[in-house]
$ cat work_29.txt   # compact mmCIF, C-alpha atoms
# COMPACT_ATOMS: atom_id res chain seq x y z
CA MET A 1 48.06 -30.48 14.77
CA ASN A 2 51.49 -32.00 15.52
CA SER A 3 53.89 -33.00 12.78
CA ASN A 4 53.49 -36.76 13.33
CA LYS A 5 49.75 -36.58 12.72
CA GLN A 6 50.37 -34.34 9.73
CA GLU A 7 52.77 -36.90 8.26
CA LEU A 8 50.20 -39.65 8.72
CA ILE A 9 47.57 -37.55 6.95
CA ASP A 10 50.06 -36.90 4.14
CA ALA A 11 50.84 -40.60 3.80
CA TYR A 12 47.13 -41.40 3.68
CA LEU A 13 46.44 -38.75 1.05
CA LEU A 14 49.31 -40.05 -1.06
CA GLY A 15 47.91 -43.57 -0.87
CA ASN A 16 51.04 -44.80 0.93
CA MET A 17 49.15 -46.69 3.64
CA LYS A 18 48.28 -50.32 3.46
CA ASP A 19 47.06 -53.17 5.66
CA ASP A 20 48.01 -52.71 9.32
CA LYS A 21 49.12 -49.12 8.90
CA LEU A 22 45.83 -48.22 7.31
CA ASN A 23 43.84 -50.02 10.01
CA ASN A 24 45.80 -48.25 12.74
CA PHE A 25 45.24 -44.93 11.02
CA ASN A 26 41.47 -45.53 10.84
CA GLU A 27 41.47 -46.45 14.53
CA MET A 28 43.34 -43.23 15.33
CA LEU A 29 40.74 -41.20 13.44
CA LYS A 30 37.95 -42.72 15.51
CA GLN A 31 39.73 -41.63 18.69
CA ASP A 32 40.77 -38.20 17.46
CA PRO A 33 37.95 -36.01 16.06
CA GLU A 34 40.34 -33.10 15.46
CA MET A 35 42.52 -35.27 13.24
CA GLU A 36 39.48 -36.59 11.42
CA LYS A 37 38.28 -33.04 10.81
CA GLU A 38 41.71 -32.04 9.47
CA LEU A 39 41.73 -35.03 7.11
CA LYS A 40 38.27 -34.17 5.75
CA PHE A 41 39.38 -30.58 5.26
CA GLN A 42 42.52 -31.59 3.35
CA GLU A 43 40.57 -34.08 1.24
CA GLU A 44 38.13 -31.34 0.30
CA VAL A 45 41.01 -29.00 -0.60
CA MET A 46 42.57 -31.65 -2.83
CA ALA A 47 39.20 -32.34 -4.49
CA SER A 48 38.83 -28.62 -5.23
CA ILE A 49 42.26 -28.62 -6.93
CA ARG A 50 41.24 -31.62 -9.05
CA ASP A 51 38.08 -29.80 -10.15
CA GLU A 52 39.74 -28.00 -13.02
CA LYS A 53 36.44 -27.27 -14.75
CA LYS A 54 35.22 -25.25 -11.80
CA LEU A 55 38.55 -23.46 -11.52
CA ALA A 56 38.31 -22.59 -15.21
CA LEU A 57 34.72 -21.38 -14.74
CA ARG A 58 35.79 -19.07 -11.88
CA ASP A 59 38.64 -17.75 -14.04
CA ALA A 60 36.25 -17.13 -16.94
CA LEU A 61 33.79 -15.33 -14.67
CA ASN A 62 36.53 -13.06 -13.31
CA LYS A 63 37.65 -12.30 -16.83
CA ALA A 64 34.13 -11.51 -17.99
CA HIS A 65 33.46 -9.12 -15.12
CA PRO A 66 33.17 -5.61 -16.56
CA ASP A 67 36.00 -3.16 -15.84
CA SER A 68 34.03 -0.88 -13.60
CA GLY A 69 36.63 1.90 -13.47
CA ARG A 70 36.09 3.12 -17.00
CA ARG A 71 32.40 2.34 -17.26
CA PHE A 72 31.29 4.29 -14.23
CA ILE A 73 33.42 7.34 -14.84
CA ILE A 74 32.59 7.70 -18.47
CA GLN A 75 28.84 7.57 -17.85
CA ARG A 76 29.13 11.07 -16.45
CA TYR A 77 30.24 12.70 -19.66
CA SER A 78 28.41 13.59 -22.83
CA LYS A 79 28.65 11.52 -25.99
CA ALA A 80 30.99 14.15 -27.47
CA ALA A 81 33.26 13.90 -24.45
CA GLN A 82 33.16 10.10 -24.69
CA LEU A 83 34.20 10.35 -28.31
CA ALA A 84 36.99 12.78 -27.41
CA ALA A 85 38.13 10.42 -24.67
CA ALA A 86 38.11 7.52 -27.08
CA VAL A 87 40.17 9.50 -29.58
CA LEU A 88 42.64 10.50 -26.88
CA VAL A 89 42.98 6.91 -25.68
CA LEU A 90 43.44 5.71 -29.23
CA ALA A 91 46.08 8.38 -29.85
CA LEU A 92 47.95 7.35 -26.73
CA ILE A 93 47.70 3.64 -27.36
CA VAL A 94 48.25 3.56 -31.13
CA GLY A 95 50.18 6.76 -31.86
CA GLY A 96 52.34 6.68 -28.80
CA SER A 97 52.55 2.96 -28.30
CA PHE A 98 56.33 2.98 -28.11
CA MET A 99 56.33 5.77 -25.57
CA TYR A 100 53.45 4.17 -23.63
CA LYS A 101 55.19 0.82 -23.39
CA SER A 102 58.55 2.29 -22.45
CA VAL A 103 56.95 4.28 -19.64
CA PHE A 104 54.45 1.75 -18.34
CA ASN A 105 56.83 -1.17 -18.37
CA SER A 106 58.54 0.59 -15.53
CA SER A 107 56.47 -0.07 -12.42
CA SER A 108 58.54 2.37 -10.38
CA ASN A 109 57.30 5.13 -12.65
CA SER A 110 53.65 4.54 -11.68
CA GLN A 111 54.61 4.45 -8.03
CA GLN A 112 56.64 7.63 -8.33
CA LEU A 113 53.80 9.49 -10.01
CA PHE A 114 51.35 8.24 -7.41
CA GLU A 115 53.56 9.49 -4.58
CA GLU A 116 53.83 12.89 -6.21
CA TYR A 117 50.13 13.33 -6.83
CA PHE A 118 48.65 11.77 -3.71
CA ALA A 119 48.86 14.73 -1.39
CA PRO A 120 48.08 13.95 2.25
CA GLU A 121 48.71 17.58 3.29
CA TYR A 122 45.93 18.67 1.00
CA ASP A 123 43.56 16.12 2.58
CA LEU A 124 44.40 17.32 6.08
CA MET A 125 43.76 20.93 5.17
CA THR A 126 40.37 19.93 3.84
CA VAL A 127 39.55 18.03 7.00
CA ARG A 128 40.40 20.89 9.26
CA SER A 129 38.14 23.23 7.34
CA ILE A 130 35.13 20.93 7.70
CA THR A 131 32.61 21.48 10.43
CA SER A 132 29.91 18.93 10.92
CA SER A 133 26.98 18.38 13.19
CA ASN A 134 27.33 14.62 12.67
CA THR A 135 29.25 13.42 15.73
CA ILE A 136 30.45 10.13 14.24
CA LEU A 137 31.57 11.85 11.07
CA HIS A 138 33.38 14.46 13.13
CA GLN A 139 35.03 11.76 15.21
CA GLY A 140 36.16 9.97 12.04
CA MET A 141 37.52 13.23 10.64
CA ASN A 142 39.46 13.90 13.82
CA ASN A 143 40.94 10.40 13.70
CA PHE A 144 41.90 10.99 10.10
CA ALA A 145 43.51 14.35 10.95
CA ASN A 146 45.47 12.60 13.72
CA GLN A 147 46.56 9.99 11.15
CA ASP A 148 44.80 7.21 13.06
CA TYR A 149 43.42 5.74 9.85
CA ASN A 150 42.15 2.45 11.27
CA LYS A 151 40.03 4.25 13.84
CA ALA A 152 38.86 6.68 11.18
CA ILE A 153 37.69 3.77 9.00
CA GLU A 154 35.88 2.22 11.97
CA ALA A 155 34.00 5.48 12.56
CA PHE A 156 33.09 5.94 8.89
CA GLU A 157 31.81 2.39 8.73
CA GLU A 158 29.17 3.35 11.26
CA ILE A 159 27.69 5.84 8.81
CA PRO A 160 27.71 3.81 5.56
CA ASP A 161 25.36 6.16 3.72
CA ASN A 162 27.42 9.28 4.32
CA MET A 163 29.32 10.16 1.14
CA LEU A 164 31.88 12.35 2.89
CA GLY A 165 32.54 9.45 5.24
CA LYS A 166 33.00 7.16 2.23
CA LEU A 167 35.42 9.63 0.66
CA TYR A 168 37.58 9.87 3.76
CA SER A 169 37.32 6.16 4.35
CA GLY A 170 38.80 5.82 0.85
CA PHE A 171 41.59 8.26 1.72
CA SER A 172 42.27 6.36 4.95
CA HIS A 173 42.55 3.08 3.04
CA MET A 174 44.95 4.77 0.63
CA HIS A 175 47.17 5.85 3.50
CA LEU A 176 47.13 2.25 4.73
CA GLU A 177 47.92 1.10 1.19
CA ASN A 178 44.70 -0.93 1.00
CA TYR A 179 44.04 0.23 -2.52
CA GLY A 180 41.41 -2.38 -3.33
CA GLN A 181 39.24 -1.23 -0.43
CA ALA A 182 39.86 2.42 -1.29
CA GLU A 183 38.72 1.73 -4.87
CA GLU A 184 35.52 0.24 -3.50
CA GLN A 185 34.70 3.41 -1.54
CA PHE A 186 35.33 5.68 -4.51
CA LYS A 187 33.34 3.48 -6.88
CA ASN A 188 30.40 3.58 -4.49
CA ILE A 189 30.49 7.40 -4.50
CA ILE A 190 30.61 7.43 -8.29
CA ASP A 191 27.79 4.85 -8.42
CA ASP A 192 25.68 7.06 -6.20
CA GLY A 193 25.66 9.57 -9.05
CA GLU A 194 24.41 12.49 -7.00
CA SER A 195 27.19 13.08 -4.57
CA MET A 196 29.15 16.34 -4.64
CA PHE A 197 32.33 14.31 -4.15
CA ILE A 198 32.26 12.43 -7.46
CA ASP A 199 35.15 14.42 -8.92
CA GLN A 200 37.38 13.80 -5.92
CA ALA A 201 36.38 10.12 -5.92
CA ALA A 202 37.20 9.75 -9.62
CA TRP A 203 40.61 11.42 -9.24
CA HIS A 204 41.55 9.25 -6.29
CA LEU A 205 40.23 6.11 -8.00
CA GLY A 206 42.71 6.86 -10.78
CA LEU A 207 45.48 7.29 -8.21
CA CYS A 208 44.57 3.96 -6.60
CA TYR A 209 44.88 2.26 -9.98
CA LEU A 210 48.25 3.94 -10.42
CA ALA A 211 49.43 2.75 -7.00
CA SER A 212 48.30 -0.82 -7.61
CA LYS A 213 49.91 -0.79 -11.06
CA LYS A 214 46.62 -1.14 -12.95
CA ASP A 215 48.06 1.22 -15.50
CA ASP A 216 45.49 0.68 -18.25
CA ALA A 217 42.61 1.41 -15.88
CA ALA A 218 44.44 4.50 -14.50
CA LEU A 219 44.98 5.79 -18.02
CA MET A 220 41.28 5.41 -18.83
CA VAL A 221 40.19 7.26 -15.70
CA PHE A 222 42.59 10.18 -16.17
CA ASN A 223 41.64 10.44 -19.83
CA ASP A 224 37.99 10.66 -18.85
CA ILE A 225 38.71 13.38 -16.29
CA ALA A 226 40.90 15.24 -18.79
CA THR A 227 38.06 15.44 -21.28
CA GLY A 228 35.61 16.71 -18.66
CA ASN A 229 35.45 20.08 -17.00
CA THR A 230 36.25 19.62 -13.33
CA PHE A 231 38.85 20.89 -10.88
CA TYR A 232 40.97 17.84 -11.68
CA LYS A 233 41.04 18.43 -15.44
CA THR A 234 44.33 20.35 -15.45
CA LYS A 235 45.98 17.92 -13.05
CA SER A 236 44.87 14.96 -15.17
CA ILE A 237 46.23 16.49 -18.36
CA GLU A 238 49.48 17.21 -16.54
CA LEU A 239 49.60 13.65 -15.21
CA LEU A 240 48.87 12.16 -18.63
CA THR A 241 51.67 14.29 -20.10
CA ARG A 242 54.01 13.05 -17.38
CA MET A 243 52.99 9.47 -18.12
CA GLY A 244 53.97 10.02 -21.71
CA SER A 245 57.17 11.94 -21.21
CA ASP A 246 58.90 10.86 -17.99
CA MET B 1 20.29 -9.10 -28.75
CA LYS B 2 18.54 -12.43 -29.36
CA GLU B 3 17.35 -14.15 -26.19
CA ILE B 4 19.07 -17.46 -25.50
CA ALA B 5 17.01 -20.41 -24.25
CA SER B 6 17.55 -21.57 -20.65
CA GLU B 7 18.84 -25.01 -21.66
CA ASN B 8 21.44 -23.43 -23.95
CA ILE B 9 22.59 -21.09 -21.18
CA LEU B 10 22.93 -24.09 -18.85
CA LYS B 11 24.87 -26.00 -21.48
CA GLY B 12 27.12 -22.96 -22.02
CA ILE B 13 27.84 -22.65 -18.30
CA ILE B 14 28.71 -26.34 -18.02
CA GLU B 15 30.98 -26.12 -21.05
CA ASN B 16 32.52 -22.81 -19.90
CA ASP B 17 31.45 -21.14 -23.14
CA ARG B 18 32.95 -17.63 -23.17
CA GLU B 19 30.14 -16.11 -25.24
CA ILE B 20 27.44 -17.52 -22.98
CA ILE B 21 29.22 -16.28 -19.86
CA GLN B 22 29.55 -12.82 -21.38
CA TYR B 23 25.87 -12.94 -22.36
CA VAL B 24 24.83 -13.85 -18.81
CA TYR B 25 26.96 -11.02 -17.42
CA ARG B 26 25.63 -8.51 -19.92
CA GLU B 27 22.00 -9.45 -19.44
CA TYR B 28 21.73 -10.17 -15.71
CA PHE B 29 24.55 -8.54 -13.75
CA GLU B 30 22.92 -5.12 -13.48
CA SER B 31 19.76 -6.52 -11.83
CA VAL B 32 21.78 -8.42 -9.25
CA LYS B 33 23.98 -5.40 -8.60
CA LYS B 34 20.99 -3.10 -8.16
CA PHE B 35 19.43 -5.45 -5.63
CA VAL B 36 22.65 -5.78 -3.64
CA LEU B 37 23.43 -2.05 -3.65
CA LYS B 38 19.86 -1.29 -2.62
CA HIS B 39 20.24 -3.59 0.37
CA ARG B 40 23.46 -2.36 1.93
CA GLY B 41 25.88 -4.31 -0.21
CA THR B 42 28.87 -3.15 -2.23
CA ARG B 43 29.89 -3.62 -5.85
CA GLU B 44 32.33 -6.31 -4.67
CA ASP B 45 29.46 -8.11 -2.89
CA ALA B 46 27.44 -7.97 -6.11
CA LYS B 47 30.34 -9.43 -8.08
CA ASP B 48 30.81 -12.27 -5.58
CA LEU B 49 27.12 -13.01 -5.40
CA PHE B 50 26.69 -13.06 -9.16
CA GLN B 51 29.65 -15.38 -9.68
CA ASP B 52 28.64 -17.65 -6.80
CA GLY B 53 25.14 -17.87 -8.29
CA ILE B 54 26.56 -19.08 -11.61
CA VAL B 55 28.78 -21.63 -9.85
CA ILE B 56 25.81 -22.94 -7.85
CA ILE B 57 23.82 -23.43 -11.04
CA TYR B 58 26.86 -25.12 -12.62
CA GLU B 59 27.06 -27.49 -9.66
CA GLN B 60 23.31 -28.20 -9.69
CA ALA B 61 23.43 -28.92 -13.41
CA ASN B 62 26.40 -31.24 -12.95
CA SER B 63 25.19 -33.16 -9.93
CA LYS B 64 21.58 -33.60 -10.93
CA ASN B 65 19.64 -33.26 -14.10
CA LEU B 66 18.64 -29.64 -13.59
CA VAL B 67 15.63 -28.54 -15.60
CA ILE B 68 14.66 -24.90 -15.32
CA LYS B 69 10.91 -24.57 -15.63
CA SER B 70 10.82 -20.78 -15.36
CA SER B 71 13.12 -18.48 -17.35
CA PHE B 72 16.84 -18.69 -16.63
CA TYR B 73 16.71 -15.12 -15.36
CA THR B 74 13.98 -15.89 -12.80
CA TYR B 75 15.77 -19.00 -11.57
CA PHE B 76 19.16 -17.32 -11.36
CA TYR B 77 17.90 -14.08 -9.82
CA THR B 78 16.03 -16.04 -7.13
CA ILE B 79 19.20 -17.92 -6.18
CA CYS B 80 21.17 -14.66 -5.99
CA LYS B 81 18.44 -13.00 -3.95
CA TYR B 82 18.25 -15.95 -1.56
CA GLN B 83 22.03 -15.91 -1.11
CA TRP B 84 22.08 -12.18 -0.40
CA LEU B 85 19.22 -12.32 2.10
CA LYS B 86 21.02 -15.17 3.84
CA ILE B 87 24.20 -13.06 4.07
CA LEU B 88 22.23 -10.01 5.15
CA ARG B 89 20.53 -11.96 7.92
CA GLU B 90 23.93 -12.81 9.38
CA ARG B 91 25.65 -9.52 8.64
CA ASP B 92 22.93 -7.05 9.53
CA ASN B 93 19.99 -8.81 11.12
CA LYS B 94 18.35 -5.58 12.25
CA TYR B 95 18.19 -4.32 8.70
CA PHE B 96 17.14 -7.78 7.42
CA GLU B 97 14.20 -7.79 9.83
CA SER B 98 13.22 -4.30 8.73
CA ILE B 99 12.79 -5.02 5.03
CA ASP B 100 9.88 -6.66 3.27
CA ASN B 101 12.17 -9.21 1.69
CA ASN B 102 12.65 -11.05 4.96
CA LEU B 103 9.08 -12.30 4.60
CA GLU B 104 9.80 -13.42 1.08
CA PHE B 105 12.97 -15.15 2.30
CA ASP B 106 10.94 -17.79 4.10
CA ARG B 107 8.71 -18.36 1.13
CA ILE B 108 11.26 -18.56 -1.68
CA TYR B 109 11.89 -22.28 -1.36
CA SER B 110 10.40 -25.26 0.40
CA LEU B 111 12.21 -26.48 3.51
CA GLU B 112 13.74 -29.42 1.69
CA VAL B 113 15.02 -27.32 -1.21
CA LYS B 114 16.29 -24.73 1.25
CA ARG B 115 18.26 -27.32 3.22
CA GLU B 116 19.81 -28.70 0.05
CA LEU B 117 20.63 -25.24 -1.24
CA ASP B 118 22.10 -24.11 2.08
CA GLU B 119 24.45 -27.09 2.09
CA LEU B 120 25.49 -26.37 -1.47
CA ILE B 121 26.07 -22.66 -0.77
CA GLU B 122 28.21 -23.46 2.26
CA LYS B 123 30.27 -26.03 0.39
CA GLU B 124 30.76 -23.74 -2.59
CA ASN B 125 31.84 -20.91 -0.27
CA ARG B 126 34.57 -23.13 1.11
CA ILE B 127 35.65 -24.31 -2.34
CA LYS B 128 35.78 -20.70 -3.55
CA ILE B 129 38.25 -19.88 -0.77
CA TYR B 130 40.37 -22.98 -1.49
CA GLN B 131 40.49 -22.23 -5.22
CA LYS B 132 41.19 -18.52 -4.70
CA HIS B 133 44.27 -19.28 -2.62
CA PHE B 134 45.34 -22.07 -4.93
CA ARG B 135 45.33 -19.55 -7.80
CA ASN B 136 47.45 -17.19 -5.69
CA LEU B 137 50.24 -19.77 -5.36
CA SER B 138 53.20 -19.74 -7.73
CA GLU B 139 52.73 -21.57 -11.03
CA GLU B 140 55.21 -24.19 -9.83
CA CYS B 141 53.30 -24.93 -6.61
CA GLN B 142 50.03 -25.09 -8.54
CA ARG B 143 51.50 -27.69 -10.88
CA VAL B 144 52.97 -29.79 -8.07
CA LEU B 145 49.73 -29.77 -6.06
CA ARG B 146 47.62 -30.49 -9.13
CA LEU B 147 49.73 -33.56 -9.88
CA MET B 148 49.51 -34.62 -6.26
CA ALA B 149 45.74 -34.16 -6.17
CA LYS B 150 45.40 -36.27 -9.30
CA GLY B 151 47.20 -39.12 -7.59
CA TYR B 152 50.58 -38.95 -9.33
CA LYS B 153 53.35 -40.74 -7.41
CA PRO B 154 56.35 -38.69 -6.20
CA ASP B 155 58.60 -40.20 -8.85
CA GLU B 156 56.13 -39.26 -11.58
CA ILE B 157 55.92 -35.72 -10.19
CA ARG B 158 59.74 -35.54 -10.12
CA GLU B 159 59.90 -36.56 -13.75
CA THR B 160 57.14 -34.20 -14.90
CA MET B 161 58.58 -31.27 -12.97
CA ASN B 162 62.13 -32.12 -13.92
CA TYR B 163 63.25 -32.17 -10.27
CA LYS B 164 66.62 -33.65 -9.35
CA SER B 165 65.43 -36.15 -6.71
CA VAL B 166 62.37 -37.72 -5.12
CA GLY B 167 63.48 -36.24 -1.78
CA TYR B 168 63.34 -32.76 -3.25
CA THR B 169 59.91 -33.54 -4.75
CA TYR B 170 58.58 -34.54 -1.32
CA LYS B 171 60.01 -31.36 0.18
CA LYS B 172 58.52 -29.14 -2.54
CA ARG B 173 55.15 -30.84 -2.29
CA ARG B 174 55.11 -30.40 1.49
CA ILE B 175 56.08 -26.71 1.29
CA CYS B 176 53.41 -25.96 -1.33
CA LYS B 177 50.71 -27.83 0.57
CA GLU B 178 51.55 -26.15 3.87
CA ARG B 179 51.50 -22.75 2.20
CA LEU B 180 48.07 -23.39 0.72
CA ILE B 181 46.65 -24.76 3.97
CA ASN B 182 48.00 -21.74 5.91
CA LEU B 183 46.56 -19.26 3.42
CA ILE B 184 43.16 -20.92 3.67
CA LYS B 185 43.13 -21.16 7.44
CA ASN B 186 44.13 -17.51 7.80
CA ASP B 187 41.40 -16.30 5.48
CA LYS B 188 38.84 -14.44 7.57
CA ASN B 189 36.02 -15.71 5.38
CA TYR B 190 37.12 -19.29 5.95
CA LYS B 191 37.08 -18.78 9.69
CA ASN B 192 33.46 -17.74 9.39
CA THR B 193 32.37 -20.79 7.37
$ encode --input "work_29.txt" --output "C-alpha cells"
Amino acid sequence: MNSNKQELIDAYLLGNMKDDKLNNFNEMLKQDPEMEKELKFQEEVMASIRDEKKLALRDALNKAHPDSGRRFIIQRYSKAAQLAAAVLVLALIVGGSFMYKSVFNSSSNSQQLFEEYFAPEYDLMTVRSITSSNTILHQGMNNFANQDYNKAIEAFEEIPDNMLGKLYSGFSHMHLENYGQAEEQFKNIIDDGESMFIDQAAWHLGLCYLASKKDDAALMVFNDIATGNTFYKTKSIELLTRMGSD
Amino acid sequence: MKEIASENILKGIIENDREIIQYVYREYFESVKKFVLKHRGTREDAKDLFQDGIVIIYEQANSKNLVIKSSFYTYFYTICKYQWLKILRERDNKYFESIDNNLEFDRIYSLEVKRELDELIEKENRIKIYQKHFRNLSEECQRVLRLMAKGYKPDEIRETMNYKSVGYTYKKRRICKERLINLIKNDKNYKNT
C-alpha cells in the first residue's frame, strides 16, 4: 500500500473527507479492491480499540488464569511438604521482605543467577551418554549436541509424546531464549505426572521463570523443590540462599 | 461451593464481574484443559480456547438475547469442544479423522448455527490479535489510539495528551497506528486468519 493511499485512508478514518473528496474516495475503493480490503481491516482494528468492555474482559480472564507454575509442582509433594513450603515462602516474604525486595528489584541479579545455574555443558554431557533406538529422537539429540537448536526442536516436534524429546525441546528453547515455549514443554512433562524427567523439568521451569524475570513464580518453584527430596534439592536451597544474600 | 444459575453467570460475564469469572475458571477450566490435552493440545491451547469460549458467549449475549436452555457448563463446554475440533481439523487432520469426536463434530450444531458460529469465531480470532497487540503498545500510544478510535479531533487529542502542537499529534498518531498495524500484520496467527 503506497503512502498516498494510506493518507487517504487516514483522512477517511478521521472523518476529514467531505463532498467531492469523499465521492472520489468511494470511487477509488470501487476500482481498488486491495485498498478497500485495507480500509475494512483498519476500521475493524479501530472498532476493536473502541470496544473497551471486551478489552477489559480479556484482561480479567488473563488475570484469573491460575498460576500453573506453583500449582503443578506442588501437587507432587505431600501435605506436610506443602505446609513446609508455605512456611518457607511466608518466612521469605514476610520475615525477609526487606532482603527480598532489595534483591529482586534488581533484574540483573535474576539474570546473573540464571546464567550461573543454567549449565549447557551439563546438558551436552547428558546427551552424549544417551543411546536411543528412536531415530528421530536420536537425530534431535545430535542436533542439540551440535548446538543446532532450531533443527533439534523440529525433530522433537515430530515425536510430541516423547518426554525426553519434550525435555530437550525445552532446553533448546532455553538456549534460543524462547523461555515461554520452554516453560510450555516443562509444564507438559510435569502435567504428565508419570515421566522420569519431572525433576529436571521442574528445575528448568524455575530457571525459565528466573530468566524471564518472573521472580515470584521462580521463588515458588525453587521453594517447592527445596522442600522435596530430589537431586535438585541442594541446588535449590543454595539458589534460594543466593537469592536472599547476593 | 454453591452452583450459580446460568443467567447469573451470563450477567456476570457481560458485566465483567471478577467473582463470576473466577468461579467459571475454577469450575470449568479443568474439563476444557483435560479435553485439549487429551487431543494433542497444550496448556497454552487450553488457556486460549477457554478464554475464547468466554468471549464468544459474551459476544452472543451482547448481540442477541442469548438464553441458555441447558446448563451453562454444557453450553460452554460444547462451544469449547467445537472450537478445538475445528482447530484440530486444520492443524492435524489425520488425527482429527482418527478420533470418534470427528463424527460428533458434524452433529454438534445445525448448519445454520454452525455458519453463524464459524463467522463469530473467525471475527473474534482477529479481534483477539488486534487487542493483544494494542495492549503491547506503550501506554501513551494506547491512549492516543483510543482517543482517535473514539473520534476525537487532533486538537482535542493534543489538549488531552498535553502535546505541544497539532502537527506533533498527527505525527504521534501516525507512528502509533503504523506500529500497531505492523505488529498485527506480522503476527503469524493473523496471517492464517
$ interface_residues --input "work_29.txt" --of "chain B" --to "chain A" --cutoff "10 Å" --atoms "all atoms listed in the file" --output "ChimeraX atom specification"
/B:13-19,21-26,29,37,40,42-44,47-48,50-52,54-55,58-59,123-124,126-132,134-135,142,145-154,174,177,180-181,184
$ closest_residue --input "work_29.txt" --among "B:Arg91, B:Lys64, B:Lys114, B:Lys2" --to "Ile79 (chain B)" --atoms "all atoms listed in the file"
B:Lys114
$ atom_distance --input "work_29.txt" --atom1 "CA of Thr169 (chain B)" --atom2 "CA of Met1 (chain A)"
23.0 Å
$ residues_around --input "work_29.txt" --residues "Met196 (chain A)" --least-positions-apart "2" --cutoff "12 Å" --atoms "only C-alpha atoms" --output "list in words"
Asn162, Met163, Leu164, Leu167, Ile189, Ile190, Asp192, Gly193, Glu194, Ile198, Asp199, Gln200, Ala201, Ala202 and Thr230 of chain A
$ residues_around --input "work_29.txt" --residues "Ala155 (chain A)" --least-positions-apart "2" --cutoff "12 Å" --atoms "only C-alpha atoms" --output "number ranges by chain"
A: 134-144, 148-153, 157-160, 162, 165-166, 168-169, 172
$ atom_distance --input "work_29.txt" --atom1 "CA of Thr160 (chain B)" --atom2 "CA of Leu8 (chain A)"
25.2 Å
$ atom_distance --input "work_29.txt" --atom1 "CA of Tyr163 (chain B)" --atom2 "CA of Ile9 (chain A)"
23.9 Å
$ closest_residue --input "work_29.txt" --among "B:Ser63, B:Ser70, B:Thr78, B:Ser31" --to "Ala5 (chain B)" --atoms "only C-alpha atoms"
B:Ser70
$ decode --input "work_29.txt" --residues "region 56-83 of chain B" --atoms "C-alpha atoms" --output "PDB file, in the first residue's frame"
ATOM      1  CA  ILE B  56     -17.790 -15.855  22.266  1.00  0.00           C
ATOM      2  CA  ILE B  57     -20.518 -16.255  24.872  1.00  0.00           C
ATOM      3  CA  TYR B  58     -20.037 -12.594  25.856  1.00  0.00           C
ATOM      4  CA  GLU B  59     -20.470 -11.580  22.217  1.00  0.00           C
ATOM      5  CA  GLN B  60     -23.523 -13.812  21.728  1.00  0.00           C
ATOM      6  CA  ALA B  61     -25.116 -12.411  24.870  1.00  0.00           C
ATOM      7  CA  ASN B  62     -24.424  -8.854  23.728  1.00  0.00           C
ATOM      8  CA  SER B  63     -25.519  -9.161  20.127  1.00  0.00           C
ATOM      9  CA  LYS B  64     -28.619 -11.254  20.638  1.00  0.00           C
ATOM     10  CA  ASN B  65     -30.760 -12.162  23.552  1.00  0.00           C
ATOM     11  CA  LEU B  66     -28.937 -15.365  24.435  1.00  0.00           C
ATOM     12  CA  VAL B  67     -30.947 -17.801  26.515  1.00  0.00           C
ATOM     13  CA  ILE B  68     -29.166 -20.943  27.624  1.00  0.00           C
ATOM     14  CA  LYS B  69     -31.631 -23.795  27.791  1.00  0.00           C
ATOM     15  CA  SER B  70     -29.149 -26.395  29.031  1.00  0.00           C
ATOM     16  CA  SER B  71     -26.729 -25.777  31.906  1.00  0.00           C
ATOM     17  CA  PHE B  72     -24.071 -23.117  31.404  1.00  0.00           C
ATOM     18  CA  TYR B  73     -21.425 -25.828  31.628  1.00  0.00           C
ATOM     19  CA  THR B  74     -22.974 -27.884  28.795  1.00  0.00           C
ATOM     20  CA  TYR B  75     -23.359 -24.839  26.566  1.00  0.00           C
ATOM     21  CA  PHE B  76     -19.864 -23.535  27.257  1.00  0.00           C
ATOM     22  CA  TYR B  77     -18.130 -26.907  27.024  1.00  0.00           C
ATOM     23  CA  THR B  78     -19.810 -27.599  23.673  1.00  0.00           C
ATOM     24  CA  ILE B  79     -18.543 -24.296  22.269  1.00  0.00           C
ATOM     25  CA  CYS B  80     -15.009 -25.045  23.503  1.00  0.00           C
ATOM     26  CA  LYS B  81     -15.141 -28.564  22.099  1.00  0.00           C
ATOM     27  CA  TYR B  82     -16.410 -27.312  18.741  1.00  0.00           C
ATOM     28  CA  GLN B  83     -13.636 -24.708  18.585  1.00  0.00           C
TER      29      GLN B  83
END
